[in-house]
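Trainee: Contents of start.cif (mmCIF, C-alpha atoms) are below:
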data_entry
#
loop_
_atom_site.label_atom_id
_atom_site.label_comp_id
_atom_site.auth_asym_id
_atom_site.auth_seq_id
_atom_site.Cartn_x
_atom_site.Cartn_y
_atom_site.Cartn_z
CA MET A 1 -11.97 0.84 30.64
CA ALA A 2 -15.72 0.18 30.30
CA ALA A 3 -15.87 2.29 27.14
CA TRP A 4 -12.92 0.35 25.69
CA GLY A 5 -14.60 -2.99 26.39
CA GLU A 6 -17.97 -1.86 25.05
CA ARG A 7 -16.45 -0.57 21.83
CA LEU A 8 -14.70 -3.86 21.16
CA ALA A 9 -17.59 -6.11 22.13
CA GLY A 10 -17.92 -8.84 19.48
CA VAL A 11 -14.76 -7.70 17.67
CA ARG A 12 -12.14 -10.39 17.01
CA GLY A 13 -9.67 -8.42 14.91
CA VAL A 14 -8.49 -4.92 14.07
CA LEU A 15 -7.08 -3.57 10.79
CA LEU A 16 -4.70 -0.67 11.31
CA ASP A 17 -3.44 1.76 8.71
CA ILE A 18 0.20 2.78 9.09
CA SER A 19 1.29 6.00 7.40
CA GLY A 20 -0.46 9.01 8.90
CA VAL A 21 -2.11 6.83 11.54
CA LEU A 22 0.73 5.11 13.40
CA TYR A 23 3.63 7.25 12.21
CA ASP A 24 4.75 9.99 9.84
CA SER A 25 7.55 8.77 7.57
CA GLY A 26 10.59 10.86 6.74
CA GLU A 27 14.29 11.36 7.39
CA GLY A 28 15.75 9.03 9.99
CA GLY A 29 12.84 6.61 9.76
CA GLY A 30 10.12 9.08 10.66
CA ARG A 31 8.40 9.53 14.00
CA PRO A 32 5.48 7.85 15.75
CA ILE A 33 2.21 9.70 16.22
CA ALA A 34 1.60 10.40 19.90
CA GLY A 35 0.08 7.42 21.69
CA SER A 36 0.24 5.06 18.71
CA VAL A 37 2.97 2.74 20.06
CA GLU A 38 1.05 2.31 23.30
CA ALA A 39 -2.25 1.80 21.44
CA VAL A 40 -0.83 -1.04 19.34
CA ALA A 41 0.65 -2.69 22.44
CA ARG A 42 -2.70 -2.40 24.23
CA LEU A 43 -4.58 -3.94 21.32
CA LYS A 44 -2.20 -6.88 21.26
CA ARG A 45 -2.45 -7.38 25.02
CA SER A 46 -6.23 -7.50 24.64
CA GLY A 47 -5.97 -10.73 22.68
CA LEU A 48 -7.42 -9.26 19.51
CA LYS A 49 -5.94 -10.25 16.17
CA VAL A 50 -4.16 -7.26 14.63
CA ARG A 51 -3.24 -6.73 10.97
CA PHE A 52 -1.40 -3.72 9.57
CA CYS A 53 -2.60 -2.46 6.17
CA THR A 54 -0.58 -0.02 4.12
CA ASN A 55 -0.37 1.51 0.66
CA GLU A 56 3.37 2.01 1.15
CA SER A 57 5.03 1.32 -2.20
CA GLN A 58 8.38 3.07 -1.79
CA LYS A 59 9.70 0.51 0.69
CA SER A 60 9.78 -3.26 0.92
CA ARG A 61 7.79 -4.76 3.77
CA GLY A 62 11.06 -5.73 5.43
CA ARG A 63 12.36 -2.19 5.47
CA LEU A 64 9.01 -0.77 6.60
CA VAL A 65 8.77 -3.23 9.48
CA GLY A 66 12.37 -2.48 10.46
CA GLU A 67 11.57 1.23 10.70
CA LEU A 68 8.43 0.59 12.73
CA ARG A 69 10.24 -1.69 15.15
CA ARG A 70 12.97 0.92 15.67
CA LEU A 71 10.20 3.36 16.60
CA GLY A 72 8.96 0.93 19.24
CA PHE A 73 6.08 -0.83 17.47
CA ASP A 74 5.49 -4.54 18.06
CA VAL A 75 5.02 -5.65 14.45
CA SER A 76 6.34 -8.41 12.20
CA GLU A 77 6.53 -8.64 8.42
CA ALA A 78 3.97 -11.47 8.47
CA GLU A 79 1.41 -9.08 10.01
CA VAL A 80 1.58 -6.52 7.18
CA THR A 81 -0.72 -6.47 4.14
CA ALA A 82 0.80 -4.33 1.37
CA PRO A 83 0.12 -3.77 -2.35
CA PRO A 84 3.27 -5.27 -3.99
CA PRO A 85 2.63 -8.91 -2.96
CA ALA A 86 -1.05 -8.54 -3.85
CA ALA A 87 -0.10 -7.14 -7.26
CA CYS A 88 2.28 -10.04 -7.87
CA ARG A 89 -0.49 -12.54 -7.17
CA LEU A 90 -2.78 -10.73 -9.61
CA LEU A 91 -0.12 -10.65 -12.32
CA GLN A 92 0.60 -14.36 -11.96
CA GLU A 93 -3.09 -15.32 -11.91
CA ARG A 94 -3.78 -13.40 -15.12
CA GLY A 95 -0.52 -14.14 -16.95
CA LEU A 96 0.39 -10.44 -17.12
CA ARG A 97 3.92 -9.21 -17.81
CA PRO A 98 4.32 -5.71 -16.40
CA HIS A 99 6.27 -2.67 -17.39
CA LEU A 100 7.20 -1.45 -13.92
CA LEU A 101 7.04 2.23 -12.99
CA VAL A 102 7.92 1.69 -9.33
CA HIS A 103 10.47 2.81 -6.77
CA ASP A 104 13.81 0.96 -6.79
CA GLU A 105 13.19 -0.07 -3.16
CA VAL A 106 10.28 -2.35 -4.15
CA ARG A 107 11.60 -3.79 -7.42
CA SER A 108 12.81 -6.86 -5.54
CA GLU A 109 9.16 -7.66 -4.71
CA PHE A 110 8.68 -8.39 -8.44
CA ASP A 111 11.78 -10.57 -8.90
CA GLN A 112 9.70 -13.66 -9.67
CA ILE A 113 7.54 -11.86 -12.25
CA ASP A 114 8.22 -12.07 -16.01
CA THR A 115 8.69 -8.49 -17.27
CA SER A 116 9.67 -9.34 -20.85
CA ASN A 117 7.48 -8.04 -23.68
CA PRO A 118 5.11 -6.16 -21.31
CA ASN A 119 1.35 -6.45 -21.77
CA CYS A 120 0.43 -4.13 -18.89
CA VAL A 121 1.82 -1.30 -16.76
CA VAL A 122 2.18 -1.37 -12.99
CA ILE A 123 2.53 2.03 -11.37
CA ALA A 124 3.38 2.75 -7.74
CA ASP A 125 4.74 5.63 -5.69
CA ALA A 126 7.96 5.92 -7.67
CA GLY A 127 9.09 9.14 -5.99
CA GLU A 128 11.94 10.77 -7.90
CA HIS A 129 11.50 8.18 -10.67
CA PHE A 130 8.35 9.99 -11.80
CA SER A 131 10.29 11.77 -14.54
CA TYR A 132 8.85 12.79 -17.91
CA ARG A 133 10.93 10.09 -19.56
CA ASN A 134 9.60 7.33 -17.30
CA MET A 135 6.00 8.50 -17.45
CA ASN A 136 6.20 8.77 -21.23
CA ARG A 137 7.60 5.24 -21.50
CA ALA A 138 4.67 3.89 -19.48
CA PHE A 139 2.32 5.88 -21.74
CA GLN A 140 3.95 4.38 -24.85
CA VAL A 141 3.62 0.83 -23.53
CA LEU A 142 -0.08 1.30 -22.82
CA MET A 143 -0.76 2.96 -26.16
CA GLY A 144 0.95 0.08 -27.96
CA LEU A 145 -1.40 -2.53 -26.47
CA ALA A 146 -4.64 -3.61 -28.12
CA ASP A 147 -6.15 -4.14 -24.66
CA PRO A 148 -4.20 -1.85 -22.30
CA VAL A 149 -4.11 -2.75 -18.61
CA LEU A 150 -2.98 -0.22 -16.00
CA ILE A 151 -2.52 -1.47 -12.44
CA SER A 152 -1.91 1.08 -9.69
CA LEU A 153 -0.65 0.27 -6.21
CA GLY A 154 -3.03 2.67 -4.50
CA LYS A 155 -4.51 5.96 -5.65
CA GLY A 156 -3.72 8.35 -2.82
CA ARG A 157 -3.50 12.08 -3.57
CA TYR A 158 -0.74 12.86 -1.09
CA TYR A 159 0.77 11.71 2.17
CA LYS A 160 2.57 13.31 5.07
CA GLU A 161 6.24 13.06 5.90
CA THR A 162 8.05 14.82 8.70
CA SER A 163 9.23 17.39 6.12
CA GLY A 164 5.70 18.11 4.86
CA LEU A 165 3.11 16.86 2.37
CA MET A 166 4.27 14.68 -0.54
CA LEU A 167 2.51 14.02 -3.84
CA ASP A 168 1.33 10.40 -4.05
CA VAL A 169 0.74 7.97 -6.93
CA GLY A 170 -2.87 9.03 -7.58
CA GLY A 171 -2.02 12.09 -9.65
CA TYR A 172 0.31 10.13 -11.93
CA MET A 173 -2.24 7.34 -12.24
CA LYS A 174 -4.87 9.86 -13.32
CA ALA A 175 -2.49 11.34 -15.90
CA LEU A 176 -2.03 7.93 -17.55
CA GLU A 177 -5.76 7.21 -17.37
CA TYR A 178 -6.51 10.50 -19.12
CA ALA A 179 -3.77 10.21 -21.75
CA CYS A 180 -4.48 6.58 -22.62
CA GLY A 181 -8.24 6.45 -22.17
CA VAL A 182 -8.05 3.62 -19.65
CA GLU A 183 -9.26 3.05 -16.11
CA ALA A 184 -6.67 1.81 -13.64
CA GLU A 185 -7.20 -1.29 -11.55
CA VAL A 186 -6.29 -0.31 -8.00
CA VAL A 187 -4.43 -2.83 -5.86
CA GLY A 188 -4.35 -1.48 -2.33
CA LYS A 189 -6.58 0.90 -0.41
CA PRO A 190 -9.39 1.71 -0.94
CA SER A 191 -10.02 -1.43 -3.04
CA PRO A 192 -12.51 -3.72 -1.21
CA GLU A 193 -10.51 -6.78 -2.33
CA PHE A 194 -7.44 -5.41 -0.54
CA PHE A 195 -9.32 -5.38 2.76
CA ARG A 196 -10.91 -8.77 2.08
CA SER A 197 -7.40 -10.12 1.55
CA ALA A 198 -6.28 -8.65 4.88
CA LEU A 199 -9.28 -10.23 6.62
CA ARG A 200 -8.49 -13.62 5.09
CA GLU A 201 -4.94 -13.33 6.37
CA LEU A 202 -6.32 -12.31 9.77
CA GLY A 203 -8.74 -15.24 9.80
CA VAL A 204 -11.88 -13.26 10.66
CA GLU A 205 -15.10 -12.22 8.92
CA ALA A 206 -15.74 -8.59 8.03
CA HIS A 207 -18.39 -8.15 10.74
CA GLN A 208 -15.88 -9.36 13.35
CA ALA A 209 -13.21 -6.79 12.50
CA GLN A 210 -12.83 -3.10 13.20
CA ARG A 211 -10.88 -0.85 10.90
CA ARG A 212 -9.00 2.26 11.96
CA ALA A 213 -9.91 4.76 9.24
CA PRO A 214 -7.05 6.19 7.17
CA SER A 215 -5.93 9.77 7.14
CA ARG A 216 -6.65 11.79 4.00
CA SER A 217 -3.11 11.02 2.88
CA GLU A 218 -3.67 7.29 2.34
CA GLY A 219 -7.19 7.46 0.89
#
Can you give me the file's structure in the form of structure tokens?

Mentor:
Amino acid sequence: MAAWGERLAGVRGVLLDISGVLYDSGEGGGRPIAGSVEAVARLKRSGLKVRFCTNESQKSRGRLVGELRRLGFDVSEAEVTAPPPAACRLLQERGLRPHLLVHDEVRSEFDQIDTSNPNCVVIADAGEHFSYRNMNRAFQVLMGLADPVLISLGKGRYYKETSGLMLDVGGYMKALEYACGVEAEVVGKPSPEFFRSALRELGVEAHQAQRRAPSRSEG
């Protein structure tokens, strides 16, 4: 108990990664990592502010939170910082109209965004939608722009599901960067702005928060 108190001395909030830290996703909603449900509950009982940060871009926040709650986690949608809402804010602020290469599960997050006559590409973990046809269409959109903009919801190499390791968005992002001669703007981890956004939502300064480091899967 003393070690716990000493480690958290001066800390007002904690940022927690989700995939590979709290649970491994997969069939049936995945499974929690041993001790993680209890650890989250203990943090919340301590009175610390807790925010959940994720690069998950195959599921809406609602679905993700539903899965976590079924696994026993005390978490609400309002406590989750995820790339799609952050990307929507960026698109609206800069007047960008995206060609979306994203998973069907998160398309609804972009319902309020104008996607006509695209002047940028937004890429996320599209899963089975990463076909040659879809990648080539994103390539064509970028190559047709005088000032191409590629926005990626994360840049992870791979992540872990209960069935094994899965290729993440990073490899596809790099392919478009190489083919089009552009550098992607990353919305999500490990972008510093993503964590600053989470801290603003938490209501604490960076020196008052502790972050649980991600697994290699989330980057």

Trainee: Excluding same-chain residues fewer than 3 positions from A:Met173, what lies within 8 Å of it counting all atoms listed in the file, as a list in words?

Mentor: Ile123, Ser152, Lys155, Val169, Gly170, Leu176, Glu177 and Ala184 of chain A

Trainee: Determine the residue membership of the PyMOL selection byres ((chain A and resi 77) around 10) for the file above and supply it as a PDB file with C-alpha atoms, in the frame of the given file.

Mentor:
ATOM      1  CA  PHE A  52      -1.400  -3.720   9.570  1.00  0.00           C
ATOM      2  CA  SER A  60       9.780  -3.260   0.920  1.00  0.00           C
ATOM      3  CA  ARG A  61       7.790  -4.760   3.770  1.00  0.00           C
ATOM      4  CA  GLY A  62      11.060  -5.730   5.430  1.00  0.00           C
ATOM      5  CA  ARG A  63      12.360  -2.190   5.470  1.00  0.00           C
ATOM      6  CA  LEU A  64       9.010  -0.770   6.600  1.00  0.00           C
ATOM      7  CA  VAL A  65       8.770  -3.230   9.480  1.00  0.00           C
ATOM      8  CA  GLY A  66      12.370  -2.480  10.460  1.00  0.00           C
ATOM      9  CA  VAL A  75       5.020  -5.650  14.450  1.00  0.00           C
ATOM     10  CA  SER A  76       6.340  -8.410  12.200  1.00  0.00           C
ATOM     11  CA  ALA A  78       3.970 -11.470   8.470  1.00  0.00           C
ATOM     12  CA  GLU A  79       1.410  -9.080  10.010  1.00  0.00           C
ATOM     13  CA  VAL A  80       1.580  -6.520   7.180  1.00  0.00           C
ATOM     14  CA  THR A  81      -0.720  -6.470   4.140  1.00  0.00           C
TER      15      THR A  81
END

Trainee: Have a look at A:Arg200, A:Ser57, A:His103, A:Lys174 and name the one nearest to A:Arg157; count only C-alpha atoms.

Mentor: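 Ranking A:Arg200, A:Ser57, A:His103, A:Lys174 by distance to A:Arg157, first place goes to A:Lys174.
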
Trainee: Within 10 Å of (7.5, -10.4, -20.9) (file coordinates; all atoms listed in the file), which protein or nucleic acid residues are there? I'd like them as a ChimeraX atom specification.

Mentor: /A:95-99,113-120

Trainee: Take the selection from the previous step and output its residues with C-alpha atoms, as a compact mmCIF listing (two decimals), keeping the file's coordinate frame.

Mentor:
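Contents of the output file selection.txt:
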# COMPACT_ATOMS: atom_id res chain seq x y z
CA GLY A 95 -0.52 -14.14 -16.95
CA LEU A 96 0.39 -10.44 -17.12
CA ARG A 97 3.92 -9.21 -17.81
CA PRO A 98 4.32 -5.71 -16.40
CA HIS A 99 6.27 -2.67 -17.39
CA ILE A 113 7.54 -11.86 -12.25
CA ASP A 114 8.22 -12.07 -16.01
CA THR A 115 8.69 -8.49 -17.27
CA SER A 116 9.67 -9.34 -20.85
CA ASN A 117 7.48 -8.04 -23.68
CA PRO A 118 5.11 -6.16 -21.31
CA ASN A 119 1.35 -6.45 -21.77
CA CYS A 120 0.43 -4.13 -18.89

Trainee: Between atom CA of A:Arg89 and atom CA of A:Lys160, what distance in Å does the model show, to one decimal?

Mentor: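 Atom CA of A:Lys160 lies 28.8 Å from atom CA of A:Arg89.
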
Trainee: Expressed in Å to a single decimal, how great is the separation between atom CA of A:Val186 and atom CA of A:Glu27?

Mentor: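 Spanning atom CA of A:Val186 to atom CA of A:Glu27 is a straight-line distance of 28.2 Å.
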
Trainee: Could you tell me how far atom CA of A:Arg45 lies from atom CA of A:Pro85, in Å and to one decimal?

Mentor: 28.5 Å
